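Text of coords22.cif (mmCIF, C-alpha atoms) as supplied:
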```
data_entry
#
loop_
_atom_site.label_atom_id
_atom_site.label_comp_id
_atom_site.auth_asym_id
_atom_site.auth_seq_id
_atom_site.Cartn_x
_atom_site.Cartn_y
_atom_site.Cartn_z
CA MET A 1 0.00 0.00 0.00
CA PRO A 2 1.55 3.29 -1.03
CA GLY A 3 2.17 6.13 1.38
CA ILE A 4 2.50 9.77 0.41
CA ASP A 5 6.14 9.50 -0.65
CA GLU A 6 5.59 6.41 -2.79
CA CYS A 7 2.69 8.16 -4.49
CA LEU A 8 4.79 11.24 -5.26
CA LEU A 9 7.69 9.14 -6.53
CA GLU A 10 5.28 7.34 -8.81
CA ALA A 11 4.09 10.70 -10.13
CA MET A 12 7.70 11.58 -10.85
CA ARG A 13 7.86 8.64 -13.25
CA LEU A 14 5.44 10.39 -15.59
CA PRO A 15 7.17 11.49 -18.79
CA GLY A 16 8.60 14.97 -18.35
CA ALA A 17 7.86 15.19 -14.61
CA ARG A 18 9.87 17.90 -12.88
CA GLY A 19 8.16 18.04 -9.50
CA ALA A 20 5.25 16.51 -7.61
CA ALA A 21 3.57 17.56 -4.38
CA LEU A 22 0.57 16.77 -2.22
CA VAL A 23 -0.99 20.04 -1.11
CA ASP A 24 -3.82 21.10 1.20
CA TRP A 25 -5.84 23.77 -0.58
CA THR A 26 -7.40 25.31 2.49
CA SER A 27 -4.16 26.00 4.31
CA GLY A 28 -1.69 25.95 1.39
CA LEU A 29 0.47 23.39 3.19
CA ALA A 30 2.62 20.99 1.15
CA LEU A 31 2.16 17.64 2.90
CA GLY A 32 4.89 16.14 0.75
CA ALA A 33 7.01 17.24 -2.18
CA VAL A 34 9.64 15.66 -4.45
CA GLY A 35 11.63 17.06 -7.36
CA GLU A 36 11.91 20.73 -8.23
CA PHE A 37 9.37 23.51 -8.29
CA PRO A 38 9.01 26.83 -10.07
CA GLY A 39 11.09 29.44 -8.30
CA GLY A 40 12.96 26.72 -6.44
CA ASP A 41 10.62 26.94 -3.45
CA HIS A 42 8.11 24.12 -3.11
CA GLU A 43 6.33 25.78 -0.17
CA ALA A 44 5.70 28.98 -2.09
CA ALA A 45 4.61 27.01 -5.15
CA ALA A 46 2.25 24.97 -2.98
CA ALA A 47 0.66 28.07 -1.47
CA GLU A 48 0.09 29.58 -4.91
CA ALA A 49 -1.26 26.37 -6.41
CA ALA A 50 -3.53 26.00 -3.38
CA GLU A 51 -5.07 29.38 -4.02
CA VAL A 52 -5.96 28.44 -7.60
CA ALA A 53 -7.27 25.06 -6.49
CA ARG A 54 -9.42 26.61 -3.78
CA LEU A 55 -10.99 29.11 -6.14
CA THR A 56 -11.72 26.36 -8.64
CA ALA A 57 -13.23 24.07 -6.02
CA GLU A 58 -15.42 26.85 -4.62
CA GLN A 59 -16.89 28.19 -7.85
CA ARG A 60 -20.33 26.78 -8.53
CA ALA A 61 -19.76 27.19 -12.25
CA PHE A 62 -17.25 24.34 -12.32
CA ALA A 63 -19.25 21.87 -10.25
CA PRO A 64 -21.19 19.05 -11.91
CA ASP A 65 -24.99 19.09 -11.95
CA GLY A 66 -26.55 18.39 -8.59
CA TYR A 67 -23.35 18.86 -6.64
CA ASP A 68 -24.90 21.53 -4.45
CA ARG A 69 -26.67 18.92 -2.39
CA PRO A 70 -23.95 16.62 -1.13
CA GLY A 71 -25.47 13.59 0.52
CA GLY A 72 -28.93 14.68 -0.54
CA HIS A 73 -31.50 16.70 1.30
CA ASP A 74 -30.40 19.16 3.95
CA GLY A 75 -29.35 22.55 2.78
CA PRO A 76 -27.66 25.12 4.96
CA GLY A 77 -29.49 25.32 8.24
CA GLY A 78 -30.32 21.64 8.20
CA ALA A 79 -29.02 19.24 10.78
CA GLY A 80 -25.91 18.76 8.68
CA GLY A 81 -25.69 15.04 8.09
CA PRO A 82 -22.30 13.41 8.37
CA GLU A 83 -22.08 12.96 4.61
CA GLY A 84 -21.99 16.71 4.16
CA GLY A 85 -18.43 17.01 5.36
CA VAL A 86 -16.73 14.21 3.48
CA ALA A 87 -14.27 15.46 0.92
CA ASP A 88 -15.75 14.80 -2.47
CA PRO A 89 -14.31 17.63 -4.54
CA PRO A 90 -16.59 19.09 -7.22
CA VAL A 91 -13.69 19.25 -9.66
CA GLU A 92 -11.49 16.34 -10.78
CA ASP A 93 -8.50 18.14 -12.12
CA LEU A 94 -7.17 21.44 -13.30
CA ILE A 95 -4.67 21.90 -16.10
CA ILE A 96 -2.52 24.96 -16.56
CA SER A 97 -0.16 25.27 -19.47
CA ASN A 98 2.50 27.81 -20.31
CA ARG A 99 5.23 28.12 -22.93
CA ASP A 100 7.56 25.58 -21.36
CA SER A 101 5.53 23.46 -18.96
CA TYR A 102 2.23 21.99 -17.77
CA HIS A 103 0.80 21.93 -14.30
CA VAL A 104 -1.77 19.27 -13.49
CA LEU A 105 -3.67 19.60 -10.23
CA ARG A 106 -5.64 16.50 -9.32
CA PHE A 107 -8.13 16.75 -6.46
CA VAL A 108 -8.03 13.78 -4.08
CA PRO A 109 -11.38 12.51 -2.76
CA THR A 110 -11.08 11.12 0.76
CA SER A 111 -13.43 9.32 3.10
CA PHE A 112 -12.52 11.76 5.90
CA ASP A 113 -12.78 15.52 5.75
CA SER A 114 -9.88 17.05 3.87
CA SER A 115 -9.04 19.38 1.03
CA VAL A 116 -6.00 18.04 -0.80
CA PHE A 117 -4.77 17.76 -4.36
CA LEU A 118 -1.82 16.26 -6.18
CA HIS A 119 0.24 18.79 -8.08
CA VAL A 120 2.54 17.67 -10.88
CA TRP A 121 4.81 19.93 -12.88
CA LEU A 122 5.65 18.58 -16.34
CA ALA A 123 8.19 19.83 -18.85
CA ARG A 124 6.33 20.66 -22.03
CA PRO A 125 8.47 18.80 -24.62
CA ASP A 126 8.05 15.42 -22.86
CA GLY A 127 4.87 15.95 -20.91
CA ASN A 128 1.78 14.03 -21.96
CA LEU A 129 -1.36 15.59 -20.53
CA ALA A 130 -3.70 12.73 -21.36
CA LEU A 131 -1.43 10.20 -19.73
CA ALA A 132 -0.80 12.45 -16.72
CA ARG A 133 -4.54 12.90 -16.16
CA ILE A 134 -5.22 9.19 -16.21
CA ARG A 135 -2.26 8.24 -14.03
CA LEU A 136 -2.89 10.97 -11.47
CA GLY A 137 -6.50 9.87 -11.15
CA GLU A 138 -5.34 6.32 -10.44
CA MET A 139 -2.72 7.53 -7.98
CA ALA A 140 -5.20 9.72 -6.12
CA GLY A 141 -7.47 6.71 -5.73
CA ARG A 142 -4.72 4.40 -4.59
CA LEU A 143 -3.30 6.93 -2.13
CA VAL A 144 -6.39 7.01 0.00
CA LEU A 145 -8.14 3.76 -0.87
CA GLY A 146 -5.12 1.47 -0.80
CA MET B 1 -17.19 69.61 19.48
CA THR B 2 -16.30 66.02 19.06
CA ALA B 3 -13.90 65.61 21.93
CA VAL B 4 -13.93 62.19 23.45
CA ARG B 5 -14.90 62.15 27.06
CA THR B 6 -14.91 59.59 29.74
CA PRO B 7 -18.37 58.97 31.05
CA PRO B 8 -19.26 60.38 34.40
CA GLN B 9 -19.50 58.06 37.34
CA GLY B 10 -22.62 56.03 37.53
CA THR B 11 -23.18 55.68 33.79
CA THR B 12 -22.27 52.66 31.75
CA PRO B 13 -18.75 52.98 30.43
CA PRO B 14 -18.39 52.30 26.74
CA PRO B 15 -17.35 48.79 25.84
CA ARG B 16 -13.67 48.35 25.34
CA LEU B 17 -12.87 47.71 21.73
CA PRO B 18 -10.66 44.69 21.12
CA VAL B 19 -7.05 45.61 20.59
CA ARG B 20 -4.87 43.53 18.40
CA GLU B 21 -1.41 42.54 19.52
CA LYS B 22 0.44 43.42 16.39
CA SER B 23 3.59 44.61 18.07
CA ALA B 24 3.83 41.50 20.21
CA ALA B 25 3.65 39.28 17.15
CA ARG B 26 6.32 41.29 15.41
CA GLU B 27 8.73 41.22 18.32
CA ARG B 28 8.43 37.51 18.58
CA GLY B 29 9.94 37.08 15.14
CA SER B 30 10.29 33.56 13.82
CA GLY B 31 11.33 31.94 17.08
CA LEU B 32 8.01 30.52 18.21
CA SER B 33 9.48 28.58 21.05
CA PRO B 34 13.19 28.83 21.83
CA MET B 35 12.85 25.66 23.86
CA LEU B 36 11.55 23.76 20.84
CA THR B 37 14.43 25.01 18.70
CA ARG B 38 16.89 23.85 21.31
CA LEU B 39 15.21 20.44 21.63
CA ALA B 40 15.36 20.00 17.87
CA ALA B 41 19.06 20.87 17.86
CA GLU B 42 19.87 18.32 20.55
CA ARG B 43 17.69 15.71 18.78
CA ALA B 44 15.63 15.20 21.89
CA THR B 45 12.93 12.58 22.37
CA GLY B 46 9.94 13.28 24.57
CA VAL B 47 6.94 15.53 24.83
CA LEU B 48 6.86 19.33 24.98
CA GLU B 49 3.81 20.37 26.96
CA ARG B 50 2.58 23.89 26.42
CA GLU B 51 -0.50 25.76 27.54
CA ARG B 52 -2.58 24.92 24.48
CA GLY B 53 -1.19 21.59 23.38
CA SER B 54 1.69 19.16 23.24
CA LEU B 55 4.31 18.30 20.67
CA TYR B 56 5.82 14.82 20.67
CA LEU B 57 9.39 14.63 19.45
CA ALA B 58 11.49 11.67 18.42
CA GLU B 59 15.15 12.45 17.83
CA GLY B 60 14.35 16.12 17.36
CA ARG B 61 11.55 15.63 14.84
CA VAL B 62 7.85 16.09 15.43
CA VAL B 63 6.07 12.73 15.41
CA HIS B 64 2.77 13.81 16.87
CA ALA B 65 0.90 16.81 18.23
CA GLU B 66 -2.22 17.20 20.31
CA SER B 67 -4.30 20.13 21.41
CA PRO B 68 -7.62 20.36 23.19
CA LEU B 69 -8.58 22.92 20.53
CA ALA B 70 -7.94 20.64 17.54
CA PRO B 71 -9.86 17.42 16.82
CA GLY B 72 -7.56 14.44 17.20
CA LEU B 73 -6.74 11.84 14.58
CA ASP B 74 -9.45 9.61 16.06
CA VAL B 75 -12.13 12.28 15.60
CA LEU B 76 -11.08 12.91 12.00
CA LEU B 77 -11.02 9.21 11.13
CA LEU B 78 -14.16 8.18 13.00
CA ALA B 79 -16.40 11.15 12.18
CA HIS B 80 -17.13 10.06 8.63
CA GLY B 81 -16.65 6.34 9.02
CA THR B 82 -13.14 6.02 7.59
CA LEU B 83 -12.52 3.78 10.55
CA THR B 84 -15.00 2.01 12.80
CA PRO B 85 -14.96 2.86 16.50
CA ALA B 86 -14.42 -0.83 17.24
CA GLY B 87 -11.36 -0.94 14.97
CA TRP B 88 -9.88 2.10 16.63
CA GLN B 89 -10.61 0.83 20.12
CA ASP B 90 -9.09 -2.53 19.33
CA ALA B 91 -5.85 -0.94 18.13
CA ARG B 92 -5.75 1.36 21.17
CA GLU B 93 -6.04 -1.61 23.50
CA ARG B 94 -3.43 -3.73 21.79
CA ALA B 95 -0.87 -0.96 21.31
CA ASP B 96 2.35 -1.24 23.27
CA GLU B 97 5.86 0.20 23.17
CA GLU B 98 6.84 -1.73 20.09
CA TYR B 99 3.64 -1.73 18.07
CA GLY B 100 1.95 1.65 18.07
CA VAL B 101 -1.65 2.19 17.07
CA ALA B 102 -0.60 3.39 13.61
CA ARG B 103 1.28 0.23 12.84
CA LEU B 104 -1.49 -2.00 14.16
CA LEU B 105 -4.06 -0.22 12.00
CA LEU B 106 -1.87 -0.53 8.92
CA ASP B 107 -0.95 -4.15 9.53
CA ALA B 108 -4.57 -5.08 10.01
CA GLY B 109 -5.41 -3.27 6.77
CA ARG B 110 -8.05 -1.17 8.52
CA VAL B 111 -6.97 2.02 6.84
CA PRO B 112 -4.75 2.58 3.77
CA ARG B 113 -1.29 3.95 4.49
CA GLY B 114 -1.78 7.04 2.31
CA ALA B 115 -5.02 7.96 4.04
CA LEU B 116 -3.52 7.48 7.51
CA GLU B 117 -0.38 9.47 6.70
CA LEU B 118 -2.41 12.24 5.14
CA CYS B 119 -4.88 12.47 7.98
CA HIS B 120 -2.15 12.27 10.60
CA LEU B 121 0.02 14.97 9.01
CA GLU B 122 -2.97 17.28 8.82
CA ALA B 123 -3.79 16.56 12.45
CA VAL B 124 -0.18 17.22 13.51
CA TYR B 125 0.03 20.62 11.81
CA ASP B 126 -3.44 21.45 13.05
CA ALA B 127 -2.66 20.73 16.70
CA ALA B 128 0.81 22.29 16.44
CA TYR B 129 -0.76 25.56 15.30
CA PHE B 130 -2.58 25.79 18.64
CA ALA B 131 0.21 24.29 20.73
CA LEU B 132 2.58 26.99 19.49
CA THR B 133 0.30 29.95 20.20
CA PRO B 134 1.93 32.45 22.55
CA SER B 135 1.29 31.27 26.08
CA SER B 136 1.40 32.85 29.48
CA THR B 137 3.05 29.89 31.15
CA PRO B 138 6.39 28.33 30.25
CA GLY B 139 6.46 25.04 28.39
CA ARG B 140 7.72 21.84 29.98
CA PHE B 141 9.60 18.98 28.37
CA ARG B 142 9.41 15.41 29.56
CA TYR B 143 12.31 13.43 28.18
CA GLY B 144 11.69 9.97 26.88
CA ALA B 145 7.91 10.11 26.73
CA GLY B 146 6.54 8.47 23.61
CA HIS B 147 3.09 8.48 22.10
CA TRP B 148 0.81 5.48 21.74
CA LEU B 149 0.31 6.21 18.07
CA GLY B 150 3.86 5.25 17.21
CA PRO B 151 6.00 6.69 14.43
CA LEU B 152 4.31 7.44 11.15
CA ARG B 153 5.86 10.26 9.19
CA PRO B 154 8.06 12.57 11.29
CA VAL B 155 8.22 16.26 10.36
CA PRO B 156 11.18 18.59 10.98
CA VAL B 157 10.60 21.15 13.72
CA GLU B 158 11.44 24.04 11.36
CA ALA B 159 8.72 22.92 8.97
CA VAL B 160 6.14 22.96 11.75
CA GLU B 161 7.30 26.37 12.98
CA ARG B 162 7.31 27.86 9.50
CA GLU B 163 3.87 26.51 8.75
CA THR B 164 2.48 27.80 12.04
CA LEU B 165 3.74 31.31 11.29
CA ARG B 166 2.39 31.12 7.77
CA ARG B 167 -1.00 30.06 9.12
CA ARG B 168 -1.09 33.01 11.51
CA GLU B 169 -0.39 35.35 8.64
CA LEU B 170 -2.99 33.67 6.46
CA LEU B 171 -5.68 34.13 9.11
CA HIS B 172 -4.64 37.72 9.69
CA ARG B 173 -4.88 38.43 5.98
CA LEU B 174 -8.35 36.93 5.72
CA TRP B 175 -9.79 38.89 8.61
CA PRO B 176 -7.57 40.62 11.15
CA ASP B 177 -9.79 40.16 14.22
CA PRO B 178 -8.84 36.97 16.10
CA LEU B 179 -11.93 37.17 18.29
CA THR B 180 -13.80 34.64 16.14
CA ASP B 181 -11.14 31.99 16.79
CA GLY B 182 -12.22 31.23 20.32
CA ALA B 183 -15.45 33.04 21.17
CA PRO B 184 -18.96 31.66 20.78
CA LEU B 185 -20.22 32.52 17.31
CA ARG B 186 -23.55 33.81 16.12
CA ARG B 187 -24.91 34.43 12.66
CA SER B 188 -25.42 38.01 11.68
CA GLU B 189 -27.76 39.72 9.32
CA THR B 190 -26.13 41.42 6.45
CA VAL B 191 -27.01 42.84 3.10
CA ALA B 192 -25.50 41.70 -0.18
CA ALA B 193 -23.23 39.11 1.41
CA PRO B 194 -21.47 36.74 -0.97
CA ALA B 195 -22.98 33.25 -1.01
CA PRO B 196 -21.04 30.94 1.30
CA THR B 197 -19.29 27.96 -0.27
CA ALA B 198 -20.47 24.42 0.42
CA ARG B 199 -17.86 23.98 3.15
CA GLN B 200 -18.66 27.34 4.68
CA SER B 201 -22.37 26.52 4.67
CA ALA B 202 -21.68 23.49 6.82
CA VAL B 203 -19.82 25.70 9.30
CA LEU B 204 -22.53 28.34 9.23
CA ALA B 205 -25.20 25.71 9.88
CA ALA B 206 -23.42 24.74 13.10
CA VAL B 207 -23.22 28.32 14.39
CA ASP B 208 -25.73 28.66 17.20
CA GLY B 209 -24.53 31.36 19.57
CA VAL B 210 -22.91 28.83 21.88
CA ARG B 211 -20.38 26.84 19.87
CA THR B 212 -16.90 28.18 19.21
CA ALA B 213 -14.89 27.48 16.07
CA PRO B 214 -13.04 24.52 17.69
CA ASP B 215 -16.40 23.11 18.82
CA ILE B 216 -17.70 23.31 15.26
CA ALA B 217 -14.55 21.64 13.93
CA ARG B 218 -15.09 18.72 16.29
CA GLU B 219 -18.77 18.55 15.39
CA LEU B 220 -17.97 18.36 11.68
CA GLY B 221 -14.95 16.06 12.09
CA ARG B 222 -12.93 18.71 10.36
CA GLN B 223 -9.55 20.26 11.08
CA ALA B 224 -9.75 23.18 13.47
CA PHE B 225 -7.56 25.39 11.32
CA HIS B 226 -9.77 24.76 8.29
CA THR B 227 -12.69 25.86 10.41
CA LEU B 228 -10.85 28.99 11.55
CA VAL B 229 -10.22 29.87 7.91
CA ASP B 230 -13.89 29.47 7.03
CA VAL B 231 -15.00 31.35 10.13
CA ARG B 232 -12.71 34.28 9.38
CA ARG B 233 -13.89 34.37 5.77
CA LEU B 234 -17.50 34.31 6.96
CA ALA B 235 -16.73 37.08 9.46
CA ALA B 236 -15.14 39.13 6.69
CA ALA B 237 -18.29 38.61 4.62
CA GLY B 238 -20.38 39.79 7.56
CA LEU B 239 -22.22 36.48 7.87
CA LEU B 240 -21.18 35.78 11.42
CA THR B 241 -19.72 37.55 14.42
CA ALA B 242 -18.17 36.55 17.68
CA LEU B 243 -20.29 37.06 20.73
CA PHE B 244 -18.56 39.98 22.35
CA PRO B 245 -17.89 40.45 25.14
CA PRO B 246 -17.63 36.76 25.95
CA PRO B 247 -18.93 35.89 29.38
CA ARG B 248 -16.13 37.15 31.59
CA PRO B 249 -15.19 35.97 35.05
CA HIS B 250 -16.11 38.16 37.98
CA ARG B 251 -13.48 40.64 39.02
CA PRO B 252 -13.18 42.94 41.99
CA PRO B 253 -14.82 46.32 41.35
CA PRO B 254 -12.48 48.69 39.53
CA PRO B 255 -11.09 51.78 41.21
CA ALA B 256 -13.23 54.83 40.65
CA LEU B 257 -12.68 56.47 37.29
CA PRO B 258 -10.77 59.73 37.42
CA PHE B 259 -13.17 62.61 37.30
CA ARG B 260 -12.89 64.91 34.32
CA ALA B 261 -14.37 68.36 34.23
CA GLY B 262 -17.00 68.95 31.59
CA ALA B 263 -17.98 65.35 31.21
CA THR B 264 -21.58 65.05 30.15
CA ALA B 265 -23.83 62.14 29.53
CA GLU B 266 -22.69 62.07 25.93
CA ARG B 267 -21.70 58.58 24.85
CA ALA B 268 -18.00 58.39 24.17
CA VAL B 269 -16.92 56.29 21.21
CA GLY B 270 -13.19 56.02 21.10
CA PRO B 271 -10.20 55.06 23.17
CA ALA B 272 -11.82 53.87 26.32
CA ALA B 273 -10.59 54.45 29.83
CA PRO B 274 -8.06 51.84 30.93
CA ASP B 275 -9.85 48.52 31.26
CA PRO B 276 -13.37 49.53 32.13
CA ALA B 277 -14.48 46.33 33.75
CA PRO B 278 -18.20 46.76 34.29
CA PRO B 279 -19.18 47.81 37.77
CA PRO B 280 -21.09 45.06 39.52
CA GLY B 281 -24.74 44.99 38.74
CA ILE B 282 -24.41 46.73 35.39
CA THR B 283 -24.70 44.63 32.29
CA LEU B 284 -22.72 45.63 29.29
CA PRO B 285 -24.71 46.82 26.31
CA ARG B 286 -25.11 44.38 23.47
CA VAL B 287 -22.12 44.97 21.28
CA ASN B 288 -23.41 42.81 18.51
CA ASP B 289 -25.35 45.87 17.50
CA PRO B 290 -25.12 46.01 13.68
CA ASP B 291 -23.83 49.60 13.72
CA ILE B 292 -20.97 48.82 16.05
CA THR B 293 -20.18 45.66 14.16
CA LEU B 294 -20.07 47.67 10.96
CA LEU B 295 -17.80 50.27 12.54
CA LYS B 296 -15.45 47.57 13.77
CA ARG B 297 -15.34 45.95 10.37
CA LEU B 298 -14.64 49.32 8.79
CA ARG B 299 -11.86 50.00 11.25
CA ASP B 300 -10.34 46.56 10.70
CA ALA B 301 -10.50 46.98 6.95
CA LEU B 302 -8.84 50.40 7.15
CA GLU B 303 -6.14 49.07 9.41
CA ALA B 304 -5.54 46.17 7.09
CA LEU B 305 -4.83 48.49 4.17
#
```

As structure tokens, please, write out the structure in this file.
Amino acid sequence: MPGIDECLLEAMRLPGARGAALVDWTSGLALGAVGEFPGGDHEAAAAEAAEVARLTAEQRAFAPDGYDRPGGHDGPGGAGGPEGGVADPPVEDLIISNRDSYHVLRFVPTSFDSSVFLHVWLARPDGNLALARIRLGEMAGRLVLG
Amino acid sequence: MTAVRTPPQGTTPPPRLPVREKSAARERGSGLSPMLTRLAAERATGVLERERGSLYLAEGRVVHAESPLAPGLDVLLLAHGTLTPAGWQDARERADEEYGVARLLLDAGRVPRGALELCHLEAVYDAAYFALTPSSTPGRFRYGAGHWLGPLRPVPVEAVERETLRRRELLHRLWPDPLTDGAPLRRSETVAAPAPTARQSAVLAAVDGVRTAPDIARELGRQAFHTLVDVRRLAAAGLLTALFPPPRPHRPPPPALPFRAGATAERAVGPAAPDPAPPPGITLPRVNDPDITLLKRLRDALEAL
């Protein structure tokens, strides 16, 4: 069963991978990081990526149909069933590209309350977005489901 | 004339406005706890007990943290059924020096390693944030003390200190009044407030005029710091306020206020007399008055510029 480090090392095996991190998007904390990051500072990169991830996760426009009612019935003011707090992010992933690289942010659903995503930085010449999306989805599942 | 006057004797003194301890935070610099820095340097093993929580060290690295203000790993894992109470209890009972609870849970396959590491790290940083708040009493280190959880994924002390400072700054940037961190919260009426996010709605639904942010975190099985972030954002949006003043303990009656010539019954709004603890028998006015709340928010926003 992979831990955080094994998961990040696996992400580093993606073609063109330069850096990989597991980041909390509420606090901006990097829970783990391997490889290099833009600006040479993985903590600063994590805080910036977290801000983008948070905005994406909070915008209703990007949520799938019917997401507003997690676990069903109770809206705000209801008793707040336990399902309401489980981390089932409205967004699967977020892709940012620039002239020389790609960033793929993959939200990690967990059975406990959390707000984390996997962040992978890929060099553009070797990076393969389709492959990265698929692999990161698998890794996110394995990280928390075993 | 708009001169500020102290109220004459016998009238209700104006409520003292909360004062932020900016200078204190600045003086403190990055050294959150000199003792912790020293313990890290000497690669100590044991537990550092501070006023608002404990940090467990193994060879100078943080292996665990606990605080009464932050929900523990058990709360986070049990709240949403990641782990069954029976499974947790079983591991707690069988844990000994050699096999900590973490290892027992992993070996029994009750929780995946990634999930446990993730949840534990979050819990450690969460509790450390509170444990490292400035305290009025000195910390105490007990050498050799271990934790029943056992080693999982140790974190360097500097990383915990840096993150704690960053979290303080983050909260301050969101909403500079720390009152909402520990006081009972109540919802407030406001016009044209932004719609709360799904996570904020859950927090808002638990606000009932009695619960504090840490209470709500426990209720939701959510990290306390995450709740503080949502609460400060909601406060900034005007959707909730702290109950102020919080119920305060009884104090001896204050010395008589110095008499000032020309004082009239006019209500003074401004720098209050030094610590106007209410005279016995007089209840403080409700300071959750929308006008005062608005003025405070305006002041905070101006100061934050």

- Task: Give as a PyMOL selection string every residue, naming chains and numbers as the document does, that has an atom within 6 Å of (-3.6, 25.1, -2.0), counting all atoms listed in the file.
- Result: chain A and resi 23-26+28+46-47+49-51+53

Can those selected residues be exported to a file as a PDB file, in the coordinates of the input so that it contains C-alpha atoms?
```
ATOM      1  CA  VAL A  23      -0.990  20.040  -1.110  1.00  0.00           C
ATOM      2  CA  ASP A  24      -3.820  21.100   1.200  1.00  0.00           C
ATOM      3  CA  TRP A  25      -5.840  23.770  -0.580  1.00  0.00           C
ATOM      4  CA  THR A  26      -7.400  25.310   2.490  1.00  0.00           C
ATOM      5  CA  GLY A  28      -1.690  25.950   1.390  1.00  0.00           C
ATOM      6  CA  ALA A  46       2.250  24.970  -2.980  1.00  0.00           C
ATOM      7  CA  ALA A  47       0.660  28.070  -1.470  1.00  0.00           C
ATOM      8  CA  ALA A  49      -1.260  26.370  -6.410  1.00  0.00           C
ATOM      9  CA  ALA A  50      -3.530  26.000  -3.380  1.00  0.00           C
ATOM     10  CA  GLU A  51      -5.070  29.380  -4.020  1.00  0.00           C
ATOM     11  CA  ALA A  53      -7.270  25.060  -6.490  1.00  0.00           C
TER      12      ALA A  53
END
```

- Across A:Ala63, A:Arg18, A:Leu143, A:Cys7, the smallest distance to His103 in chain A, with only C-alpha atoms counted, is shown by A:Arg18

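Of note, CA of Tyr143 in chain B and CA of Glu42 in chain B are spaced 11.8 Å apart.
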
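Minimum distance to Val34 in chain A across A:Glu138, A:Asp5, A:Glu58, A:Glu48 (counting all atoms listed in the file) occurs at A:Asp5.
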
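Proximity to chain B was assessed for A:Asp113, A:Glu36, A:Glu6, A:Asp126 counting only C-alpha atoms; the smallest distance is recorded for A:Asp113.
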
- Closest to chain B among A:Ser111, A:Thr56, A:Ser101, A:Asn128, using all atoms listed in the file? A:Ser111

- Within 8 Å of Ala33 in chain A using all atoms listed in the file, minus same-chain residues under 5 positions, as a VMD selection string: chain A and resid 5 8 19 to 22 42

Find the residues of chain B in contact range of chain A, meaning any atom within 10 Å when counting all atoms listed in the file, and list them as a compact mmCIF listing (two decimals) with C-alpha atoms, in the coordinates of the input.
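Now in selection20.txt:
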```txt
# COMPACT_ATOMS: atom_id res chain seq x y z
CA VAL B 75 -12.13 12.28 15.60
CA LEU B 76 -11.08 12.91 12.00
CA LEU B 77 -11.02 9.21 11.13
CA LEU B 78 -14.16 8.18 13.00
CA ALA B 79 -16.40 11.15 12.18
CA HIS B 80 -17.13 10.06 8.63
CA GLY B 81 -16.65 6.34 9.02
CA THR B 82 -13.14 6.02 7.59
CA LEU B 83 -12.52 3.78 10.55
CA LEU B 106 -1.87 -0.53 8.92
CA GLY B 109 -5.41 -3.27 6.77
CA VAL B 111 -6.97 2.02 6.84
CA PRO B 112 -4.75 2.58 3.77
CA ARG B 113 -1.29 3.95 4.49
CA GLY B 114 -1.78 7.04 2.31
CA ALA B 115 -5.02 7.96 4.04
CA LEU B 116 -3.52 7.48 7.51
CA GLU B 117 -0.38 9.47 6.70
CA LEU B 118 -2.41 12.24 5.14
CA CYS B 119 -4.88 12.47 7.98
CA LEU B 121 0.02 14.97 9.01
CA GLU B 122 -2.97 17.28 8.82
CA TYR B 125 0.03 20.62 11.81
CA ASP B 126 -3.44 21.45 13.05
CA ARG B 153 5.86 10.26 9.19
CA VAL B 155 8.22 16.26 10.36
CA ALA B 159 8.72 22.92 8.97
CA ARG B 162 7.31 27.86 9.50
CA GLU B 163 3.87 26.51 8.75
CA ARG B 166 2.39 31.12 7.77
CA ARG B 167 -1.00 30.06 9.12
CA LEU B 170 -2.99 33.67 6.46
CA LEU B 171 -5.68 34.13 9.11
CA PRO B 196 -21.04 30.94 1.30
CA THR B 197 -19.29 27.96 -0.27
CA ALA B 198 -20.47 24.42 0.42
CA ARG B 199 -17.86 23.98 3.15
CA GLN B 200 -18.66 27.34 4.68
CA SER B 201 -22.37 26.52 4.67
CA ALA B 202 -21.68 23.49 6.82
CA VAL B 203 -19.82 25.70 9.30
CA LEU B 204 -22.53 28.34 9.23
CA ALA B 205 -25.20 25.71 9.88
CA ALA B 206 -23.42 24.74 13.10
CA VAL B 207 -23.22 28.32 14.39
CA GLU B 219 -18.77 18.55 15.39
CA LEU B 220 -17.97 18.36 11.68
CA GLY B 221 -14.95 16.06 12.09
CA ARG B 222 -12.93 18.71 10.36
CA GLN B 223 -9.55 20.26 11.08
CA PHE B 225 -7.56 25.39 11.32
CA HIS B 226 -9.77 24.76 8.29
CA THR B 227 -12.69 25.86 10.41
CA VAL B 229 -10.22 29.87 7.91
CA ASP B 230 -13.89 29.47 7.03
```

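Note that the spacing between CA of Thr180 in chain B and CA of Gly238 in chain B amounts to 12.0 Å.
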
- Work out how far CA of Leu294 in chain B is from CA of Val231 in chain B, in Å to one decimal. 17.1 Å

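Here the question is which of A:Leu131, A:Val52, A:Leu9, A:Val120 gets nearest to Tyr102 in chain A using only C-alpha atoms, and that residue is A:Val120.
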
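Of the residues listed (B:Val62, B:Ala128, B:Leu105, B:Ala192), B:Ala128 shows the shortest atom-to-atom separation from Leu32 in chain B; distances use only C-alpha atoms.
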
- Query: For this file, the PyMOL selection byres ((chain B and resi 88-99) around 9) selects which residues, as a ChimeraX atom specification?
  - Reply: /B:74,78,83-87,100-105,110,146-150
